[in-house]
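One structure below.
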Amino acid sequence: MGFSHVEIPVEDPDIIDAIEVRQALAANGLKAVVCGAFGQTRDLTHDDPAVHQVCFDYLEKCFEFCLAWDTKFVAGPMYSAVGKTRLLPPDERKREWDLAVTNLRKASERAATHGLFLAIESLNRFESDLVNTADDLLRLVTDIDRPSAKIMLDSFHMTLEERDLAKAIITVGDHLIHMQVSENYRGAPGTGLTPWAELKKGLDAVNYNGVISIESFTPNSQELAGAVCIWKPFAETQDQFAIDGLAFLKSLYSSS
């Protein structure tokens with residue numbers, strides 16, 4: 001198809017054979033991106049510290065995959081559980097924020113011992129009540145205050161939460177180490193309402209040279225589909241989704 005990288009979502013690390021994946025990557029001339037999945041049992045803002053430890057242990061397994069596949073970061077919304085959305089009083093919100101900062105600082109320090117980074121992602125307000133915008137992300141990594149705490153952005157969440165895509169990217173600047181894209185309705189890039197020229201303008205302004213990864217979902221993957229409310233397919237096949245999305249992104253950049 002012409003891809004240079006494949007993003008591997010690590011939902012259950014115990015069913016992933018790191019060596020087999022490494023061999024498949026090499027056989028197909030691909031590099032990997034490691035993306036974490038953070039459900040209720042991997043919540044760094046949970047009231048129970050035992051849940052934090054489960055998340056730390058999970059991240060450690062993700063770090064092992066990074067080392068096995070020669071990639072430099074774990075990406076995802078690792079500060080809290082996806083789908084945790086509540087209207088909290090300010091003091092409780094601050095308590096959860098501070099807990100996320102404390103635990104992500106620990107995770108960042110652990111990543112650094114492997115020579116790795118965290119690429120922390122903002123989510124839209126329907127999937128998280130803690131970190132929704134580029135401003136939120138910048139404040140979070142500033143509070144974490146560790147060189148290994150970096151940022152990823154996702155065009156889907158950005159189209160729901162940002163007023164200006166280019167400005168949002170410029171806001172996070174050189175903290176940005178990963179970019180996910182899909183259409184405003186979760187479809188293939190180039191088929192919806194996303195202002196792609198503005199997205200490209202922002203990436204160009206910060207001299208972004210990382211991966212632009214197409215994030216797609218299908219109801220056939222029941223665990224992920226339920227988490228992000230995917231009830232129907234967005235393309236005739238997932239292969240066609242990938243082909244169309246890649247062709248659009250290449251045309252976007254070839255026009256510059």
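By convention here, the chains of the structure tokens are called A, B, ... in the order presented, each chain's residues are numbered starting at 1, and ligands are numbered starting at 1 in the order presented.
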*Which polymer residues have any atom within 10 Å of an atom of region 18-34 of chain A, counting only C-alpha atoms, with same-chain residues fewer than 6 positions away left out, as JSON, numbers by chain?*
{"A": [2, 3, 4, 5, 6, 7, 8, 9, 10, 62, 63, 64, 65, 66, 67, 68, 69, 70, 71, 72, 73, 74, 75, 76, 119, 178, 211, 213]}
_With DSSP run on the backbone, what are the helix (DSSP H, G or I) residues within region 122-247 of chain A? I'd like them as an NGL selection string._
:A and (134-144 or 155-161 or 165-175 or 196-205 or 222-228 or 238-247)
*Run DSSP on the backbone and give me the residues of region 72-243 of chain A it puts in strand (DSSP E or B), as a ChimeraX atom specification.*
/A:73-76,84,117-121,128,149-154,176-181,212-214
If you keep N, CA and C atoms, can you produce a file of those selected residues as a PDB file, in the first residue's frame?
ATOM      1  N   PHE A  73       8.654   5.651  21.587  1.00  0.00           N
ATOM      2  CA  PHE A  73       7.661   6.162  22.532  1.00  0.00           C
ATOM      3  C   PHE A  73       6.429   5.261  22.587  1.00  0.00           C
ATOM      4  N   VAL A  74       5.704   5.414  23.697  1.00  0.00           N
ATOM      5  CA  VAL A  74       4.370   4.841  23.843  1.00  0.00           C
ATOM      6  C   VAL A  74       3.384   5.996  23.777  1.00  0.00           C
ATOM      7  N   ALA A  75       2.357   5.863  22.939  1.00  0.00           N
ATOM      8  CA  ALA A  75       1.384   6.934  22.755  1.00  0.00           C
ATOM      9  C   ALA A  75       0.052   6.572  23.404  1.00  0.00           C
ATOM     10  N   GLY A  76      -0.712   7.600  23.776  1.00  0.00           N
ATOM     11  CA  GLY A  76      -2.068   7.358  24.266  1.00  0.00           C
ATOM     12  C   GLY A  76      -2.467   8.290  25.395  1.00  0.00           C
ATOM     13  N   LYS A  84     -14.046   8.271  31.176  1.00  0.00           N
ATOM     14  CA  LYS A  84     -14.256   8.806  32.522  1.00  0.00           C
ATOM     15  C   LYS A  84     -14.652  10.270  32.396  1.00  0.00           C
ATOM     16  N   PHE A 117      10.143   7.704  25.428  1.00  0.00           N
ATOM     17  CA  PHE A 117       9.291   8.844  25.743  1.00  0.00           C
ATOM     18  C   PHE A 117       7.836   8.403  25.902  1.00  0.00           C
ATOM     19  N   LEU A 118       7.055   9.242  26.548  1.00  0.00           N
ATOM     20  CA  LEU A 118       5.599   9.123  26.548  1.00  0.00           C
ATOM     21  C   LEU A 118       5.041  10.168  25.590  1.00  0.00           C
ATOM     22  N   ALA A 119       4.137   9.769  24.718  1.00  0.00           N
ATOM     23  CA  ALA A 119       3.438  10.695  23.828  1.00  0.00           C
ATOM     24  C   ALA A 119       1.997  10.773  24.334  1.00  0.00           C
ATOM     25  N   ILE A 120       1.706  11.785  25.141  1.00  0.00           N
ATOM     26  CA  ILE A 120       0.441  11.876  25.866  1.00  0.00           C
ATOM     27  C   ILE A 120      -0.600  12.576  24.999  1.00  0.00           C
ATOM     28  N   GLU A 121      -1.777  11.964  24.920  1.00  0.00           N
ATOM     29  CA  GLU A 121      -2.833  12.394  23.986  1.00  0.00           C
ATOM     30  C   GLU A 121      -4.003  13.041  24.711  1.00  0.00           C
ATOM     31  N   SER A 128     -13.166  12.069  27.863  1.00  0.00           N
ATOM     32  CA  SER A 128     -12.355  12.394  29.038  1.00  0.00           C
ATOM     33  C   SER A 128     -12.795  13.733  29.603  1.00  0.00           C
ATOM     34  N   ALA A 149       8.423  13.348  28.941  1.00  0.00           N
ATOM     35  CA  ALA A 149       6.975  13.569  28.812  1.00  0.00           C
ATOM     36  C   ALA A 149       6.717  14.463  27.610  1.00  0.00           C
ATOM     37  N   LYS A 150       6.185  13.871  26.542  1.00  0.00           N
ATOM     38  CA  LYS A 150       5.933  14.585  25.291  1.00  0.00           C
ATOM     39  C   LYS A 150       4.448  14.525  24.950  1.00  0.00           C
ATOM     40  N   ILE A 151       4.107  14.947  23.730  1.00  0.00           N
ATOM     41  CA  ILE A 151       2.703  15.141  23.346  1.00  0.00           C
ATOM     42  C   ILE A 151       2.402  14.454  22.021  1.00  0.00           C
ATOM     43  N   MET A 152       1.189  13.905  21.919  1.00  0.00           N
ATOM     44  CA  MET A 152       0.620  13.527  20.627  1.00  0.00           C
ATOM     45  C   MET A 152      -0.718  14.226  20.478  1.00  0.00           C
ATOM     46  N   LEU A 153      -1.068  14.523  19.243  1.00  0.00           N
ATOM     47  CA  LEU A 153      -2.364  15.116  18.929  1.00  0.00           C
ATOM     48  C   LEU A 153      -3.113  14.207  17.965  1.00  0.00           C
ATOM     49  N   ASP A 154      -4.429  14.327  17.969  1.00  0.00           N
ATOM     50  CA  ASP A 154      -5.303  13.500  17.139  1.00  0.00           C
ATOM     51  C   ASP A 154      -6.319  14.427  16.480  1.00  0.00           C
ATOM     52  N   LEU A 176       5.532  18.050  20.451  1.00  0.00           N
ATOM     53  CA  LEU A 176       4.767  17.122  19.617  1.00  0.00           C
ATOM     54  C   LEU A 176       5.690  16.074  18.999  1.00  0.00           C
ATOM     55  N   ILE A 177       5.442  14.784  19.322  1.00  0.00           N
ATOM     56  CA  ILE A 177       6.259  13.719  18.734  1.00  0.00           C
ATOM     57  C   ILE A 177       5.420  12.689  17.974  1.00  0.00           C
ATOM     58  N   HIS A 178       4.087  12.827  17.987  1.00  0.00           N
ATOM     59  CA  HIS A 178       3.269  11.895  17.216  1.00  0.00           C
ATOM     60  C   HIS A 178       1.961  12.562  16.839  1.00  0.00           C
ATOM     61  N   MET A 179       1.454  12.198  15.650  1.00  0.00           N
ATOM     62  CA  MET A 179       0.208  12.766  15.133  1.00  0.00           C
ATOM     63  C   MET A 179      -0.674  11.656  14.597  1.00  0.00           C
ATOM     64  N   GLN A 180      -1.894  11.557  15.140  1.00  0.00           N
ATOM     65  CA  GLN A 180      -2.896  10.646  14.597  1.00  0.00           C
ATOM     66  C   GLN A 180      -3.921  11.458  13.818  1.00  0.00           C
ATOM     67  N   VAL A 181      -4.463  10.851  12.751  1.00  0.00           N
ATOM     68  CA  VAL A 181      -5.483  11.538  11.970  1.00  0.00           C
ATOM     69  C   VAL A 181      -6.605  10.576  11.588  1.00  0.00           C
ATOM     70  N   ILE A 212       2.704  10.526  10.734  1.00  0.00           N
ATOM     71  CA  ILE A 212       1.272  10.865  10.700  1.00  0.00           C
ATOM     72  C   ILE A 212       0.541   9.547  10.517  1.00  0.00           C
ATOM     73  N   SER A 213      -0.145   9.123  11.551  1.00  0.00           N
ATOM     74  CA  SER A 213      -0.730   7.788  11.592  1.00  0.00           C
ATOM     75  C   SER A 213      -2.244   7.863  11.427  1.00  0.00           C
ATOM     76  N   ILE A 214      -2.784   7.086  10.494  1.00  0.00           N
ATOM     77  CA  ILE A 214      -4.234   7.027  10.320  1.00  0.00           C
ATOM     78  C   ILE A 214      -4.816   6.091  11.377  1.00  0.00           C
TER      79      ILE A 214
END
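Compared by their closest atoms to Tyr208 (chain A), and using only C-alpha atoms, the residues A:Ile170, A:Ser221, A:Pro233, A:Leu44 rank with A:Ile170 nearest.
The spacing separating CA of Ala37 (chain A) from CA of Glu11 (chain A) amounts to 5.3 Å.
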*Spatial neighbours of Ala235 (chain A), max dist 12 Å, only C-alpha atoms, sep filter under 4 positions, as a count of residues only*: 17
_If we count only C-alpha atoms and set the cut-off at 12 Å, which residues sit around Gly83 (chain A), ignoring sequence neighbours fewer than 5 positions away in its own chain? Please answer as number ranges by chain._
A: 37-40, 43, 77, 123-131, 224, 226-229
_Nearest to Ala81 (chain A), chosen from A:Gly190, A:Pro195, A:Gly210, A:Gly36, with only C-alpha atoms counted in the distances_ = A:Gly36
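CA of Thr45 (chain A) is positioned 15.9 Å from CA of Val141 (chain A).
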*If we count only C-alpha atoms, what is near region 101-114 of chain A at a cut-off of 8 Å, once residues fewer than 6 positions away on the same chain are taken out, given as a ChimeraX atom specification?*
/A:44,52,56,59,63,67,78-79,140,143-146,148-149
Generate the output file for the selected residues, C-alpha atoms, as a PDB file, in the first residue's frame.
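Result file selection04.pdb:
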ATOM      1  CA  LEU A  44      -3.641   6.634  36.942  1.00  0.00           C
ATOM      2  CA  HIS A  52      -2.087   2.698  39.384  1.00  0.00           C
ATOM      3  CA  PHE A  56       2.541   1.038  35.561  1.00  0.00           C
ATOM      4  CA  LEU A  59       3.245   0.563  30.528  1.00  0.00           C
ATOM      5  CA  PHE A  63       8.137  -0.217  26.867  1.00  0.00           C
ATOM      6  CA  LEU A  67      12.550  -1.833  22.634  1.00  0.00           C
ATOM      7  CA  MET A  78      -2.489   7.533  29.781  1.00  0.00           C
ATOM      8  CA  TYR A  79      -3.476  10.053  32.452  1.00  0.00           C
ATOM      9  CA  LEU A 140       0.142  18.747  31.808  1.00  0.00           C
ATOM     10  CA  ASP A 143       3.571  20.216  35.359  1.00  0.00           C
ATOM     11  CA  ILE A 144       5.115  16.765  34.853  1.00  0.00           C
ATOM     12  CA  ASP A 145       8.393  18.559  34.130  1.00  0.00           C
ATOM     13  CA  ARG A 146      10.325  15.613  32.764  1.00  0.00           C
ATOM     14  CA  SER A 148      10.546  12.215  28.475  1.00  0.00           C
ATOM     15  CA  ALA A 149       6.975  13.569  28.812  1.00  0.00           C
TER      16      ALA A 149
END
*In Å, with one decimal, what is the gap from CA of Trp231 (chain A) to CA of Leu160 (chain A)?*
19.4 Å
*Rank A:Lys61, A:Leu252, A:Asp48, A:Leu88 by their smallest atom-to-atom distance to Asp14 (chain A), using only C-alpha atoms, and report the top residue only.*
A:Lys61
